[in-house]
$ cat data_25.txt   # compact mmCIF, C-alpha atoms (C1' of nucleotides)
# COMPACT_ATOMS: atom_id res chain seq x y z
CA MET A 1 -39.11 -4.93 32.88
CA ARG A 2 -40.87 -6.88 35.56
CA PHE A 3 -42.43 -9.53 33.33
CA GLN A 4 -39.80 -10.02 30.68
CA LYS A 5 -38.54 -13.36 31.91
CA THR A 6 -42.04 -14.57 32.65
CA PHE A 7 -43.38 -13.99 29.15
CA LYS A 8 -40.18 -15.19 27.51
CA ALA A 9 -40.55 -18.39 29.47
CA LEU A 10 -44.15 -18.76 28.32
CA SER A 11 -43.28 -18.23 24.67
CA ASP A 12 -42.08 -21.81 24.19
CA PRO A 13 -44.63 -24.60 23.70
CA THR A 14 -42.61 -27.21 25.59
CA ARG A 15 -42.39 -24.90 28.58
CA ARG A 16 -46.13 -24.24 28.51
CA GLY A 17 -46.60 -28.00 28.31
CA ILE A 18 -44.47 -28.41 31.39
CA LEU A 19 -46.54 -25.86 33.29
CA ASN A 20 -49.73 -27.59 32.25
CA MET A 21 -48.29 -30.88 33.45
CA LEU A 22 -47.41 -29.37 36.81
CA LYS A 23 -51.02 -28.29 37.38
CA GLU A 24 -51.57 -31.90 38.43
CA GLY A 25 -48.88 -31.60 41.09
CA PRO A 26 -45.11 -31.73 41.52
CA ALA A 27 -43.04 -33.98 39.26
CA ALA A 28 -39.37 -34.88 38.94
CA ALA A 29 -37.33 -33.78 35.94
CA GLY A 30 -37.15 -37.26 34.47
CA GLU A 31 -40.89 -37.78 34.72
CA ILE A 32 -41.46 -34.43 33.04
CA GLY A 33 -39.06 -35.36 30.27
CA GLU A 34 -41.01 -38.51 29.43
CA HIS A 35 -43.87 -36.38 28.19
CA PHE A 36 -41.88 -34.52 25.55
CA ALA A 37 -39.87 -35.60 22.53
CA VAL A 38 -36.66 -33.84 23.48
CA SER A 39 -33.48 -34.83 25.30
CA GLY A 40 -33.10 -34.66 29.07
CA ALA A 41 -30.59 -31.87 28.65
CA THR A 42 -33.17 -29.82 26.79
CA ILE A 43 -35.77 -30.43 29.48
CA SER A 44 -33.25 -29.32 32.06
CA HIS A 45 -32.65 -26.16 30.05
CA HIS A 46 -36.39 -25.42 29.92
CA LEU A 47 -36.75 -26.07 33.64
CA SER A 48 -33.96 -23.61 34.39
CA ILE A 49 -35.68 -20.92 32.33
CA LEU A 50 -39.01 -21.54 34.06
CA LYS A 51 -37.26 -21.43 37.40
CA ASP A 52 -35.38 -18.25 36.56
CA ALA A 53 -38.71 -16.72 35.61
CA GLY A 54 -40.07 -17.71 39.00
CA LEU A 55 -42.82 -19.81 37.47
CA ILE A 56 -41.69 -23.02 39.13
CA LEU A 57 -39.95 -24.02 42.34
CA ASP A 58 -37.61 -26.94 42.85
CA ASP A 59 -37.24 -29.26 45.78
CA ARG A 60 -34.54 -31.86 45.87
CA GLN A 61 -35.48 -35.14 47.50
CA GLY A 62 -32.53 -37.48 47.34
CA LYS A 63 -31.80 -38.46 43.76
CA TYR A 64 -34.78 -36.60 42.41
CA ILE A 65 -35.54 -32.93 42.01
CA TYR A 66 -39.24 -32.21 42.15
CA TYR A 67 -40.65 -29.21 40.35
CA GLU A 68 -43.92 -27.50 41.10
CA LEU A 69 -45.83 -24.44 39.98
CA ASN A 70 -45.17 -21.23 41.86
CA MET A 71 -48.69 -19.96 42.32
CA SER A 72 -47.71 -16.52 43.53
CA VAL A 73 -46.03 -15.75 40.22
CA VAL A 74 -48.93 -17.28 38.34
CA ASP A 75 -51.11 -14.83 40.24
CA ASP A 76 -48.85 -11.92 39.24
CA LEU A 77 -49.23 -13.05 35.66
CA ILE A 78 -53.00 -13.20 35.93
CA GLY A 79 -52.81 -9.68 37.33
CA TRP A 80 -50.87 -8.38 34.34
CA VAL A 81 -53.08 -10.01 31.75
CA THR A 82 -56.27 -8.98 33.52
CA GLY A 83 -54.87 -5.46 33.68
CA LEU A 84 -55.20 -5.26 29.90
CA LYS A 85 -58.92 -5.11 30.45
CA GLY A 86 -59.26 -1.45 31.17
CA GLU A 87 -58.67 -0.58 34.83
CA HIS A 88 -56.15 2.11 34.07
CA GLN A 89 -53.32 1.39 36.43
CA ASP A 90 -50.23 2.04 34.31
CA GLU A 91 -47.85 -0.91 33.69
CA MET B 1 -50.74 -24.97 19.33
CA ARG B 2 -53.59 -22.62 20.00
CA PHE B 3 -51.62 -20.03 21.97
CA GLN B 4 -48.25 -20.15 20.31
CA LYS B 5 -48.57 -16.88 18.41
CA THR B 6 -50.20 -15.18 21.35
CA PHE B 7 -47.38 -15.91 23.80
CA LYS B 8 -44.72 -15.29 21.20
CA ALA B 9 -46.26 -11.88 20.63
CA LEU B 10 -46.25 -11.18 24.36
CA SER B 11 -42.60 -12.14 24.75
CA ASP B 12 -41.32 -8.80 23.46
CA PRO B 13 -41.32 -5.76 25.79
CA THR B 14 -42.13 -3.27 23.04
CA ARG B 15 -45.18 -5.29 22.07
CA ARG B 16 -46.35 -5.49 25.67
CA GLY B 17 -45.84 -1.75 25.86
CA ILE B 18 -48.03 -1.30 22.81
CA LEU B 19 -50.78 -3.40 24.38
CA ASN B 20 -50.57 -1.38 27.56
CA MET B 21 -50.86 1.80 25.52
CA LEU B 22 -53.92 0.51 23.75
CA LYS B 23 -55.71 -0.05 27.07
CA GLU B 24 -56.43 3.68 26.92
CA GLY B 25 -58.13 3.29 23.56
CA PRO B 26 -57.34 2.98 19.84
CA ALA B 27 -54.30 4.74 18.42
CA ALA B 28 -52.73 5.16 14.99
CA ALA B 29 -49.39 3.52 14.14
CA GLY B 30 -47.53 6.83 14.14
CA GLU B 31 -48.87 7.82 17.53
CA ILE B 32 -47.88 4.43 18.90
CA GLY B 33 -44.42 4.81 17.46
CA GLU B 34 -43.85 8.08 19.30
CA HIS B 35 -43.85 6.20 22.58
CA PHE B 36 -40.97 3.89 21.72
CA ALA B 37 -37.36 4.42 20.73
CA VAL B 38 -37.46 2.38 17.55
CA SER B 39 -38.05 3.13 13.87
CA GLY B 40 -41.50 3.25 12.30
CA ALA B 41 -40.66 0.14 10.33
CA THR B 42 -39.97 -1.74 13.53
CA ILE B 43 -43.26 -0.57 15.06
CA SER B 44 -45.03 -1.75 11.95
CA HIS B 45 -43.35 -5.12 12.31
CA HIS B 46 -44.50 -5.41 15.94
CA LEU B 47 -48.02 -4.39 15.02
CA SER B 48 -48.18 -7.09 12.37
CA ILE B 49 -47.11 -9.71 14.90
CA LEU B 50 -49.70 -8.53 17.42
CA LYS B 51 -52.32 -8.55 14.69
CA ASP B 52 -51.34 -12.01 13.48
CA ALA B 53 -51.67 -13.20 17.07
CA GLY B 54 -55.17 -11.74 17.16
CA LEU B 55 -54.32 -9.46 20.06
CA ILE B 56 -55.13 -6.27 18.18
CA LEU B 57 -57.49 -5.21 15.40
CA ASP B 58 -56.86 -2.58 12.76
CA ASP B 59 -59.21 -0.05 11.28
CA ARG B 60 -58.12 2.20 8.44
CA GLN B 61 -59.54 5.71 8.50
CA GLY B 62 -58.15 7.60 5.54
CA LYS B 63 -54.44 8.15 5.93
CA TYR B 64 -54.35 6.58 9.35
CA ILE B 65 -54.67 3.01 10.55
CA TYR B 66 -56.04 2.78 14.06
CA TYR B 67 -55.16 -0.17 16.24
CA GLU B 68 -57.11 -1.38 19.23
CA LEU B 69 -57.02 -4.27 21.67
CA ASN B 70 -59.00 -7.35 20.71
CA MET B 71 -60.69 -8.11 24.01
CA SER B 72 -61.97 -11.53 23.00
CA VAL B 73 -58.42 -12.81 22.55
CA VAL B 74 -57.36 -11.09 25.76
CA ASP B 75 -60.14 -13.06 27.43
CA ASP B 76 -58.88 -16.31 25.89
CA LEU B 77 -55.47 -15.48 27.30
CA ILE B 78 -56.88 -14.82 30.75
CA GLY B 79 -58.59 -18.19 30.44
CA TRP B 80 -55.34 -20.00 29.70
CA VAL B 81 -53.38 -18.34 32.48
CA THR B 82 -56.16 -18.79 34.99
CA GLY B 83 -56.32 -22.43 33.94
CA LEU B 84 -52.89 -22.93 35.50
CA LYS B 85 -54.56 -22.54 38.86
CA GLY B 86 -55.85 -26.03 39.27
CA GLU B 87 -59.21 -26.61 37.61
CA HIS B 88 -58.06 -29.64 35.68
CA GLN B 89 -59.31 -29.05 32.18
CA ASP B 90 -56.45 -30.29 30.02
CA GLU B 91 -54.73 -27.72 27.70
C1' DC C 1 -51.60 14.06 -11.36
C1' DC C 2 -48.05 15.66 -8.23
C1' DT C 3 -46.66 16.41 -3.59
C1' DA C 4 -46.85 15.25 1.05
C1' DC C 5 -47.80 12.27 4.71
C1' DA C 6 -48.76 7.48 6.98
C1' DT C 7 -47.62 3.02 6.95
C1' DT C 8 -45.79 -1.25 5.16
C1' DT C 9 -42.46 -4.25 2.63
C1' DA C 10 -37.74 -5.76 1.32
C1' DG C 11 -33.31 -6.96 2.35
C1' DA C 12 -29.46 -7.11 5.50
C1' DT C 13 -27.28 -7.96 10.02
C1' DA C 14 -26.24 -9.04 14.80
C1' DG C 15 -27.73 -11.36 18.68
C1' DA C 16 -30.78 -14.77 20.92
C1' DC C 17 -32.56 -19.43 21.40
C1' DA C 18 -33.91 -24.49 21.13
C1' DT C 19 -31.74 -28.39 20.39
C1' DC C 20 -28.25 -32.00 20.34
C1' DT C 21 -24.21 -35.01 22.20
C1' DA C 22 -20.77 -35.53 25.55
C1' DA C 23 -19.05 -34.66 29.88
C1' DA C 24 -19.60 -33.25 34.71
C1' DT C 25 -21.95 -33.05 39.22
C1' DG C 26 -24.97 -34.89 42.92
C1' DA C 27 -26.89 -38.59 45.57
C1' DT C 28 -27.83 -43.47 46.72
C1' DT C 29 -26.55 -48.20 47.52
C1' DC C 30 -23.80 -52.13 47.91
C1' DG D 1 -15.45 -45.97 47.39
C1' DA D 2 -17.05 -47.85 42.90
C1' DA D 3 -21.10 -48.38 40.30
C1' DT D 4 -25.37 -46.53 39.09
C1' DC D 5 -29.05 -43.44 38.36
C1' DA D 6 -30.94 -38.39 38.02
C1' DT D 7 -29.96 -34.14 36.55
C1' DT D 8 -27.21 -30.28 35.01
C1' DT D 9 -23.42 -27.96 32.44
C1' DA D 10 -20.50 -27.22 28.32
C1' DG D 11 -19.92 -26.48 23.72
C1' DA D 12 -21.61 -26.50 19.00
C1' DT D 13 -25.04 -25.61 15.43
C1' DG D 14 -28.97 -24.06 12.67
C1' DT D 15 -32.85 -21.24 12.97
C1' DC D 16 -35.45 -17.35 14.47
C1' DT D 17 -36.06 -12.48 15.58
C1' DA D 18 -35.59 -7.43 16.51
C1' DT D 19 -33.65 -3.91 14.39
C1' DC D 20 -32.06 -0.79 10.81
C1' DT D 21 -32.18 1.88 6.13
C1' DA D 22 -34.17 2.26 1.76
C1' DA D 23 -37.81 1.59 -1.18
C1' DA D 24 -42.70 0.74 -2.10
C1' DT D 25 -47.67 1.30 -1.32
C1' DG D 26 -51.79 3.72 0.10
C1' DT D 27 -54.45 8.00 0.80
C1' DA D 28 -55.63 12.92 0.78
C1' DG D 29 -55.47 17.73 -1.08
C1' DG D 30 -54.26 21.18 -3.99
$ encode --input "data_25.txt" --output "structure tokens"
Amino acid sequence: MRFQKTFKALSDPTRRGILNMLKEGPAAAGEIGEHFAVSGATISHHLSILKDAGLILDDRQGKYIYYELNMSVVDDLIGWVTGLKGEHQDE
Amino acid sequence: MRFQKTFKALSDPTRRGILNMLKEGPAAAGEIGEHFAVSGATISHHLSILKDAGLILDDRQGKYIYYELNMSVVDDLIGWVTGLKGEHQDE
DNA sequence: CCTACATTTAGATAGACATCTAAATGATTC
DNA sequence: GAATCATTTAGATGTCTATCTAAATGTAGG
């Protein structure tokens, strides 16, 4: 199942919030955490799921780890969803 | 959360399979069930989740209930996913 | 109206998941 | 290298979810 992890990752509102945040550009884990009412450990958990799904990339810079959207996977996702609109290429 | 039910619905592979099937056109619950290795009750459960998410519409015709993709919600979904690519309209 | 067929609802169960606190790892600076 | 800050990992817990079988509902035809 090529998109299982992707859609699972998107099924949580905090994770979608994180992706929306990252539209504005890369951000460190701590900065991301400030925007949500959950513990840092929980944010870290969400980031690992988004990363495992390929939706985000990480880039350590000293103390901080910056996360950013992975546009190529976002494009794959757009492809899948758009595919629901008729053009009959299977799966 | 405007898209919570939508993404939750998409997070299951059987439900995505159903949506892919319905690209070809409307189908009755029984016909849908034939394509997946789960009980009819389980298919019914998945259909109710897809329906609650607005992704499919139902249309009873005598004994049968035909399901079809709801393109307007598919379009909303495309809008959300495409929105990840930059154009900064929030959420 | 009784039988047969299509689908849903009810109730139960096993596995998955979001969350927390506490502890561990990684990296900088003095 | 000890102290400090950023982040992750471990372990526990309550809730959610996909699935099943059995029973109920809806619909058509004899």
$ closest_atom_pairs --input "data_25.txt" --of "chain B" --to "chain C" --cutoff "12 Å" --atoms "all atoms listed in the file" --output "JSON lines"
{"residue": "B:Ala28", "atom": "CA", "partner": "C:DA6", "partner_atom": "C1'", "distance": 9.2}
{"residue": "B:Ala29", "atom": "CA", "partner": "C:DT7", "partner_atom": "C1'", "distance": 7.4}
{"residue": "B:Gly30", "atom": "CA", "partner": "C:DA6", "partner_atom": "C1'", "distance": 7.3}
{"residue": "B:Glu31", "atom": "CA", "partner": "C:DA6", "partner_atom": "C1'", "distance": 10.6}
{"residue": "B:Gly33", "atom": "CA", "partner": "C:DT7", "partner_atom": "C1'", "distance": 11.1}
{"residue": "B:Ser39", "atom": "CA", "partner": "C:DT7", "partner_atom": "C1'", "distance": 11.8}
{"residue": "B:Gly40", "atom": "CA", "partner": "C:DT7", "partner_atom": "C1'", "distance": 8.1}
{"residue": "B:Ala41", "atom": "CA", "partner": "C:DT8", "partner_atom": "C1'", "distance": 7.4}
{"residue": "B:Thr42", "atom": "CA", "partner": "C:DT8", "partner_atom": "C1'", "distance": 10.2}
{"residue": "B:Ile43", "atom": "CA", "partner": "C:DT7", "partner_atom": "C1'", "distance": 9.9}
{"residue": "B:Ser44", "atom": "CA", "partner": "C:DT8", "partner_atom": "C1'", "distance": 6.9}
{"residue": "B:His45", "atom": "CA", "partner": "C:DT8", "partner_atom": "C1'", "distance": 8.5}
{"residue": "B:His46", "atom": "CA", "partner": "C:DT8", "partner_atom": "C1'", "distance": 11.6}
{"residue": "B:Leu47", "atom": "CA", "partner": "C:DT8", "partner_atom": "C1'", "distance": 10.6}
{"residue": "B:Ser48", "atom": "CA", "partner": "C:DT8", "partner_atom": "C1'", "distance": 9.6}
{"residue": "B:Arg60", "atom": "CA", "partner": "C:DT7", "partner_atom": "C1'", "distance": 10.6}
{"residue": "B:Gln61", "atom": "CA", "partner": "C:DA6", "partner_atom": "C1'", "distance": 11.0}
{"residue": "B:Gly62", "atom": "CA", "partner": "C:DA6", "partner_atom": "C1'", "distance": 9.5}
{"residue": "B:Lys63", "atom": "CA", "partner": "C:DA6", "partner_atom": "C1'", "distance": 5.8}
{"residue": "B:Tyr64", "atom": "CA", "partner": "C:DA6", "partner_atom": "C1'", "distance": 6.1}
{"residue": "B:Ile65", "atom": "CA", "partner": "C:DT7", "partner_atom": "C1'", "distance": 7.9}
{"residue": "B:Tyr66", "atom": "CA", "partner": "C:DT7", "partner_atom": "C1'", "distance": 11.0}
$ residues_around --input "data_25.txt" --residues "A:Met71" --least-positions-apart "4" --cutoff "9 Å" --atoms "all atoms listed in the file" --output "ChimeraX atom specification"
/A:55-56,75-76 /B:84-85
$ atom_distance --input "data_25.txt" --atom1 "atom CA of B:Thr6" --atom2 "atom CA of B:Ala53"
4.9 Å
$ calpha_fit_and_write --input "data_25.txt" --fixed "chain B" --moving "chain A" --output "short mmCIF file (atom, residue, chain, number, x, y, z; two decimals) with C-alpha atoms, in the frame of the given file"
data_model
loop_
_atom_site.label_atom_id
_atom_site.label_comp_id
_atom_site.auth_asym_id
_atom_site.auth_seq_id
_atom_site.Cartn_x
_atom_site.Cartn_y
_atom_site.Cartn_z
CA MET A 1 -50.73 -25.03 19.40
CA ARG A 2 -53.56 -22.63 20.01
CA PHE A 3 -51.61 -20.02 21.97
CA GLN A 4 -48.23 -20.11 20.30
CA LYS A 5 -48.57 -16.86 18.42
CA THR A 6 -50.21 -15.15 21.36
CA PHE A 7 -47.40 -15.88 23.81
CA LYS A 8 -44.71 -15.25 21.22
CA ALA A 9 -46.26 -11.86 20.65
CA LEU A 10 -46.26 -11.14 24.37
CA SER A 11 -42.62 -12.11 24.79
CA ASP A 12 -41.33 -8.77 23.49
CA PRO A 13 -41.31 -5.74 25.80
CA THR A 14 -42.13 -3.24 23.04
CA ARG A 15 -45.17 -5.28 22.08
CA ARG A 16 -46.36 -5.46 25.68
CA GLY A 17 -45.84 -1.71 25.85
CA ILE A 18 -48.02 -1.29 22.81
CA LEU A 19 -50.78 -3.38 24.37
CA ASN A 20 -50.58 -1.36 27.56
CA MET A 21 -50.84 1.82 25.52
CA LEU A 22 -53.92 0.52 23.74
CA LYS A 23 -55.72 -0.04 27.05
CA GLU A 24 -56.42 3.69 26.90
CA GLY A 25 -58.13 3.30 23.53
CA PRO A 26 -57.34 2.99 19.83
CA ALA A 27 -54.28 4.75 18.41
CA ALA A 28 -52.72 5.14 14.98
CA ALA A 29 -49.40 3.53 14.13
CA GLY A 30 -47.52 6.81 14.12
CA GLU A 31 -48.85 7.82 17.51
CA ILE A 32 -47.87 4.43 18.90
CA GLY A 33 -44.40 4.79 17.45
CA GLU A 34 -43.82 8.07 19.27
CA HIS A 35 -43.81 6.21 22.56
CA PHE A 36 -40.94 3.88 21.71
CA ALA A 37 -37.33 4.42 20.70
CA VAL A 38 -37.45 2.36 17.53
CA SER A 39 -38.05 3.11 13.85
CA GLY A 40 -41.50 3.23 12.29
CA ALA A 41 -40.68 0.12 10.31
CA THR A 42 -39.99 -1.75 13.53
CA ILE A 43 -43.26 -0.57 15.05
CA SER A 44 -45.04 -1.75 11.94
CA HIS A 45 -43.36 -5.13 12.32
CA HIS A 46 -44.50 -5.40 15.95
CA LEU A 47 -48.03 -4.37 15.02
CA SER A 48 -48.18 -7.09 12.37
CA ILE A 49 -47.12 -9.71 14.90
CA LEU A 50 -49.71 -8.52 17.42
CA LYS A 51 -52.32 -8.55 14.70
CA ASP A 52 -51.35 -12.00 13.49
CA ALA A 53 -51.68 -13.18 17.07
CA GLY A 54 -55.17 -11.72 17.17
CA LEU A 55 -54.32 -9.44 20.06
CA ILE A 56 -55.13 -6.26 18.17
CA LEU A 57 -57.48 -5.20 15.40
CA ASP A 58 -56.86 -2.56 12.77
CA ASP A 59 -59.21 -0.05 11.26
CA ARG A 60 -58.12 2.18 8.45
CA GLN A 61 -59.54 5.69 8.52
CA GLY A 62 -58.17 7.62 5.58
CA LYS A 63 -54.45 8.17 5.96
CA TYR A 64 -54.34 6.58 9.37
CA ILE A 65 -54.67 3.02 10.55
CA TYR A 66 -56.04 2.78 14.05
CA TYR A 67 -55.17 -0.17 16.24
CA GLU A 68 -57.11 -1.37 19.23
CA LEU A 69 -57.04 -4.26 21.67
CA ASN A 70 -59.01 -7.34 20.73
CA MET A 71 -60.70 -8.11 24.01
CA SER A 72 -61.97 -11.52 23.00
CA VAL A 73 -58.43 -12.79 22.56
CA VAL A 74 -57.37 -11.09 25.76
CA ASP A 75 -60.15 -13.06 27.42
CA ASP A 76 -58.87 -16.31 25.88
CA LEU A 77 -55.48 -15.47 27.30
CA ILE A 78 -56.89 -14.82 30.75
CA GLY A 79 -58.59 -18.20 30.43
CA TRP A 80 -55.34 -20.00 29.69
CA VAL A 81 -53.38 -18.35 32.46
CA THR A 82 -56.17 -18.80 34.99
CA GLY A 83 -56.33 -22.44 33.94
CA LEU A 84 -52.90 -22.94 35.49
CA LYS A 85 -54.60 -22.57 38.83
CA GLY A 86 -55.85 -26.08 39.25
CA GLU A 87 -59.22 -26.67 37.58
CA HIS A 88 -58.06 -29.72 35.70
CA GLN A 89 -59.31 -29.15 32.21
CA ASP A 90 -56.43 -30.38 30.04
CA GLU A 91 -54.73 -27.82 27.73
#
$ interface_residues --input "data_25.txt" --of "chain D" --to "chain A" --cutoff "10 Å" --atoms "all atoms listed in the file" --output "list in words"
DC5, DA6, DT7, DT8 and DT9 of chain D
$ closest_residue --input "data_25.txt" --among "A:Lys8, A:Leu57, A:Phe3, A:Met21" --to "chain B" --atoms "all atoms listed in the file"
A:Lys8
$ interface_residues --input "data_25.txt" --of "chain B" --to "chain A" --cutoff "8 Å" --atoms "all atoms listed in the file" --output "CSV table (one decimal) with C-alpha atoms, keeping the file's coordinate frame"
chain,number,residue,atom,x,y,z
B,1,MET,CA,-50.7,-25.0,19.3
B,4,GLN,CA,-48.2,-20.2,20.3
B,7,PHE,CA,-47.4,-15.9,23.8
B,8,LYS,CA,-44.7,-15.3,21.2
B,10,LEU,CA,-46.2,-11.2,24.4
B,11,SER,CA,-42.6,-12.1,24.8
B,12,ASP,CA,-41.3,-8.8,23.5
B,13,PRO,CA,-41.3,-5.8,25.8
B,19,LEU,CA,-50.8,-3.4,24.4
B,20,ASN,CA,-50.6,-1.4,27.6
B,23,LYS,CA,-55.7,0.0,27.1
B,24,GLU,CA,-56.4,3.7,26.9
B,71,MET,CA,-60.7,-8.1,24.0
B,74,VAL,CA,-57.4,-11.1,25.8
B,77,LEU,CA,-55.5,-15.5,27.3
B,78,ILE,CA,-56.9,-14.8,30.8
B,81,VAL,CA,-53.4,-18.3,32.5
B,82,THR,CA,-56.2,-18.8,35.0
B,84,LEU,CA,-52.9,-22.9,35.5
B,85,LYS,CA,-54.6,-22.5,38.9
B,86,GLY,CA,-55.8,-26.0,39.3
B,88,HIS,CA,-58.1,-29.6,35.7
B,90,ASP,CA,-56.4,-30.3,30.0
B,91,GLU,CA,-54.7,-27.7,27.7
$ atom_distance --input "data_25.txt" --atom1 "atom CA of B:Asp59" --atom2 "atom CA of B:Ile18"
16.1 Å
$ atom_distance --input "data_25.txt" --atom1 "atom CA of A:Tyr67" --atom2 "atom CA of A:Gly54"
11.6 Å
